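Student: Let me give you the structure first, and then I'll get to my questions.
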Amino acid sequence: MISINDRKFLTEALKVSKRLDGRSMEEQRPMEVTFGSQFGHVELTMGKTKVVVRISAEITKPNERRPFEGIFVVHTDIGSMASPIFENNHQSEQEIMISQVVEKAVRRSGALDLESLCIVAGKKCWEIRADVHYLDFDGGLVDATCAAVMAGLYHFKKPDVDVDGGAVTVCDMEERHPVALSVLHLPVSVTYGLFELKNDETNEVEKVECVLDCTAIERQVQNAEITITINKNRDICQISKPSGVSIEGYRIVELCEKAFQEALKVTEMIDKALKEDEEMRNKGNWKALLSAENDRYEK
Amino acid sequence: MFVWELSDTSANCDSFWIRRGRLGSDTGTLDQTHRALLPSYSSPLTQSRHEIYSPEGLRTDGRRWNEIRNFDCKINTHPTSADGSSYVEWGHTKVVCTVDGPREPDNRQNTTDRAVISVNVNVASFSTETRIKRQRNDKRLAEMNILIRQLLEEAVLTKLNPRTQIAVNITVIAQDGGLLPACINAACLAMIDAGVPLTDYVSACSSGVYSNNALIDLNTLEEQDVPFLTIGVIGKSDKISMLTLETQLPMASLEPVLATSLSGAHAIQDIMDAAVRKHGKHRLERK
Amino acid sequence: MSKITYSIFGSSLVEVYTGMSMYKLLLALATLQLTCLPTCSLNLFYHAYFEGPSCPAYHTIHTMICLPGDQIDFPKQDLTLGPGFLDDPLAADPIPIVAGEVHRTDPEDKKTKNQNLVYIDSDTRRYIPAVNDNVIGTVTTRHAEGYKVSVSDLSPGVQLNAMAFPNASKKNRVNLANDALVYARVSSASREVEAEIECIDPQSGKAGGYGELKDGFCFDAPIAFTRQLLFKGHTVLDTIGELVPFEIAIGVNGKIWVKSEDVPTTLKIYQCIDKCREWPEDQVRENVEQIMSAP
């Protein structure tokens, strides 16, 4: 609930291109990714929004209609821990929309190669499960979730398996190095809030402002929202614009272009964080010691 | 089959916004068949092994890229049981919609200053090719309800009837692609029949792209293979109110696909308008 | 000069509720007069400082930090128990029920030697209405007799009677829109009934700074911080006051409302007050000047 004073103040500030936390209209809050000691444990903070993702793997029977593919599920349950506006075990509209957008962005876009999860066709496959826990809510949940789940998928390593006929042996993590997942691309979600800025006297709409990454208080004032998921190959994985104020088609195309720039930044950030984590785990350079590769001769 | 033409544009996807002419649609009577005047365009890319878009420019059901399926609609199909009702047959997708309201709200909490619109979509288990029993908490349907509701809230003047509820019930009898657009169009017609105050027509259309060719109004086969999006517009404006894209689409194709679906939505509005006026004339004559 | 510490509580003990000492009042007025327009300064005074009965300020000493269940060694006979203590008639000592700092009146101080007050100062995020508190509320609904106002998010609302305004009568009623902001005083807060607030100064019968707050921007702050701002003052407010004229209303329900000449200035004031808790005392002035002078 927001008072008319605050609503007016925020829209007046937007008219002069000012935001509450001093960001510019096109500036996203910087994301910080930290990895836990276990593979697939990611904590991502974006301003005050905080999200934790745990990836886990289990062997199950594949879907009858798709015997050559594994299973990938994403669970996003927003509880009261994130904010008292969410209720535990109750799917409010906001939660449904957030979980649907995340599913489309991460699962339906085919980021994870499901065929690589197959062990024995029709009988055994890997089920990869991403559990997203929301610790703090300050807007930008979809963006944070997408980035965190993708970082988790890149970070996670599943145990190696030996297949002998129909029998599958799961090797211990200590004996054999765990295997990374086959991730095809990195979809990045970018959410814009749309604000209708009206002329005070005539009450006519002067323009519709698109503001990147709105915080919780800005979300209460916004008239509509558009979430664009795009990867660095210029493939739009998903666009979701539930109704509110309408904008022209060419503006949506412009927003996609801007979203692409943001996607590049986020991809870079995740890559960097993964590299740092890799180096940290590789202390003492044991990977080089255990490797059987020889140097190539240059002739 | 009722078809319309996109004048002065090519099937290949270049700058649609500049070259799009008036999207004329012949508002003749619905039982006449109009042949589409094929615009002169360079032949589409020929690498199509699938039937989705053959080298001659024909799709799986024999349509061209700019032809929508047969859109048949009737309003006031349930005169006694609902305030407003409509029936839409779009290709093989058949949708019935009833509107009740403004009436006493189920829950008085959030209705102080405006009417609350509630949308419920029931998909019959016999509506698809194989019988699928619908799950109880289907999130996809919940999302569809939310999208339809929010689009209707844009067009309906809810402030005129505070402390009431407008209930929209949509039943899907058969689906063959374009489910969300069909539901939205049916809801708009039912609202008009019920006399709920609206600012303008609400229409929706889907369109996709197949190897650089935009295709309008996809059926099931095409929806499975081709990236597509659905837009909802209010009135004949160029502004897009609702947009959903669920499959991967290269960014270069976004603009032509948006333009195509926008034209489709405008054409649908003409058809709906014709049907509503026909019904109105019929009612007046009956008196 | 000895440092005067105020630990004033908007509590249910009306007798010990204090306003400002005359010294602090004059100092405040003097500081504000520097950059404020005459009308503005008066507003500041009324909004920011409660014009309560001129009770003398008392000196308190902060004795210790306690947790619920700790043993407190002051015998109960002559003590007046403030908030944070359970008054169990059977127990000999006061029982702390919240975690915080224990304050008691200084037995050395001549002025307040006989008062013998002890209470616990704790920092909470959720406000519980208590009589005589100045709060900023948001109007949620309007009904026949008045308004329902929310002083704390997701807490039960409080009642604001339509007659609780100066010069209100059946024909002459104040018209508040939904979601409007009001600065009010809690008039009754019993456990069984909904709390009530009023926009009228009980002593003078006039508005006294209460009423609808127009424009400006209202934001959240921790409750102990708002108490500190309201009763003790803070360098940040003084520094801002030297640079720009502004209006401020501080509600002890954890809400602060600021208004200045234009939107960017108000935004800068908000950022100063929001961040000042993190700055060490000596850096406050220069940080404020840095923020206010930025474009």
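By order in the structure tokens, chains are A, B, ...; within a chain, residues start at 1; ligands start at 1, following the order shown.
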Skip stretch 196-212 of chain B itself and residues of its chain fewer than 5 positions away, then list as a PyMOL selection string all residues within 7 Å of it, counting only C-alpha atoms.

Tutor: chain B and resi 12-13+155-157+178+181+184-185+188+191+217-218+226-235+253+257+260-261+264-265+268-269

Student: Just the residues within 12 Å of stretch 261-269 of chain C, please, counting only C-alpha atoms, with nothing from its chain fewer than 5 positions along; format it as a PyMOL selection string.

Tutor: (chain A and resi 5-6+8-22) or (chain C and resi 36-37+40+215-219+236-241+243-248+256+274-276+287-295)

Student: Residues of chain A within 9 Å of chain B, using only C-alpha atoms, as a count of residues only?

Tutor: 35

Student: Using only C-alpha atoms, find which residues of chain C lie within 12 Å of chain B and jot them down as a ChimeraX atom specification.

Tutor: /C:140-143,177-178

Student: What would the file look like if the residues just selected were written as a PDB file, in the first residue's frame with N, CA, C and O atoms?

Tutor:
```
ATOM      1  N   THR C 140      -6.928   4.141   4.976  1.00  0.00           N
ATOM      2  CA  THR C 140      -7.256   2.988   4.137  1.00  0.00           C
ATOM      3  C   THR C 140      -8.696   3.033   3.657  1.00  0.00           C
ATOM      4  O   THR C 140      -8.954   2.870   2.474  1.00  0.00           O
ATOM      5  N   THR C 141      -9.636   3.208   4.591  1.00  0.00           N
ATOM      6  CA  THR C 141     -11.031   3.280   4.137  1.00  0.00           C
ATOM      7  C   THR C 141     -11.756   4.396   4.864  1.00  0.00           C
ATOM      8  O   THR C 141     -11.334   4.855   5.921  1.00  0.00           O
ATOM      9  N   ARG C 142     -12.859   4.747   4.279  1.00  0.00           N
ATOM     10  CA  ARG C 142     -13.692   5.789   4.886  1.00  0.00           C
ATOM     11  C   ARG C 142     -15.032   5.173   5.197  1.00  0.00           C
ATOM     12  O   ARG C 142     -15.616   4.479   4.381  1.00  0.00           O
ATOM     13  N   HIS C 143     -15.493   5.397   6.409  1.00  0.00           N
ATOM     14  CA  HIS C 143     -16.851   4.924   6.717  1.00  0.00           C
ATOM     15  C   HIS C 143     -17.619   6.047   7.386  1.00  0.00           C
ATOM     16  O   HIS C 143     -17.135   7.174   7.490  1.00  0.00           O
ATOM     17  N   ALA C 177      -8.893  11.798   1.299  1.00  0.00           N
ATOM     18  CA  ALA C 177      -8.996  10.777   0.251  1.00  0.00           C
ATOM     19  C   ALA C 177      -8.377   9.481   0.741  1.00  0.00           C
ATOM     20  O   ALA C 177      -7.598   9.471   1.686  1.00  0.00           O
ATOM     21  N   ASN C 178      -8.694   8.384   0.076  1.00  0.00           N
ATOM     22  CA  ASN C 178      -8.024   7.116   0.387  1.00  0.00           C
ATOM     23  C   ASN C 178      -6.550   7.232   0.080  1.00  0.00           C
ATOM     24  O   ASN C 178      -6.167   7.832  -0.902  1.00  0.00           O
TER      25      ASN C 178
END
```

Student: From stretch 41-160 of chain A, collect each residue whose DSSP state is strand (DSSP E or B) and return the set as an MDAnalysis selection string.

Tutor: chainID A and resid 41:46 49:60 71:76 112 118:120 124:136 157:158

Student: Kindly save the residues from that selection, with C-alpha atoms included, as a compact mmCIF listing (two decimals), in the first residue's frame.

Tutor:
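Result file follows (out.txt):
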```
# COMPACT_ATOMS: atom_id res chain seq x y z
CA HIS A 41 24.71 -23.94 -4.35
CA VAL A 42 24.33 -20.34 -5.42
CA GLU A 43 23.50 -17.20 -3.50
CA LEU A 44 22.63 -14.17 -5.54
CA THR A 45 21.99 -10.67 -4.25
CA MET A 46 20.66 -7.84 -6.35
CA THR A 49 16.74 -8.89 -3.16
CA LYS A 50 18.33 -12.13 -2.06
CA VAL A 51 17.86 -15.53 -3.63
CA VAL A 52 19.40 -18.93 -2.90
CA VAL A 53 19.34 -21.77 -5.43
CA ARG A 54 20.23 -25.39 -4.80
CA ILE A 55 20.56 -27.80 -7.72
CA SER A 56 20.26 -31.50 -7.01
CA ALA A 57 20.23 -34.63 -9.14
CA GLU A 58 18.42 -37.91 -8.78
CA ILE A 59 17.99 -40.95 -11.00
CA THR A 60 14.42 -41.72 -12.04
CA ILE A 71 13.77 -34.32 -16.53
CA PHE A 72 14.41 -30.82 -15.33
CA VAL A 73 12.13 -29.12 -12.81
CA VAL A 74 12.33 -25.72 -11.21
CA HIS A 75 10.58 -25.13 -7.89
CA THR A 76 9.93 -21.57 -6.89
CA LEU A 112 19.66 -27.45 -20.21
CA CYS A 118 19.54 -39.81 -20.40
CA ILE A 119 21.32 -42.83 -18.95
CA VAL A 120 19.40 -45.84 -20.25
CA LYS A 124 16.78 -44.48 -16.30
CA CYS A 125 17.56 -40.84 -16.55
CA TRP A 126 18.73 -37.97 -14.41
CA GLU A 127 16.18 -35.67 -12.84
CA ILE A 128 17.76 -32.29 -12.21
CA ARG A 129 15.88 -30.21 -9.71
CA ALA A 130 16.45 -26.53 -9.02
CA ASP A 131 15.02 -25.30 -5.73
CA VAL A 132 14.82 -21.57 -5.43
CA HIS A 133 14.48 -20.02 -1.99
CA TYR A 134 13.64 -16.38 -1.65
CA LEU A 135 15.24 -14.75 1.35
CA ASP A 136 14.45 -11.13 0.72
CA LYS A 157 28.32 -31.33 -11.22
CA LYS A 158 26.51 -34.65 -11.14
```

Student: Name the residues in contact with B:Asn169 at a cut-off of 9 Å, using only C-alpha atoms, excluding same-chain residues fewer than 2 positions from it; report them as a list of chain:residue names.

Tutor: B:Val96, B:Cys97, B:Thr98, B:Val99, B:Asp100, B:Ser118, B:Val119, B:Asn120, B:Val121, B:Asn122, B:Ala167, B:Thr171, B:Ala187
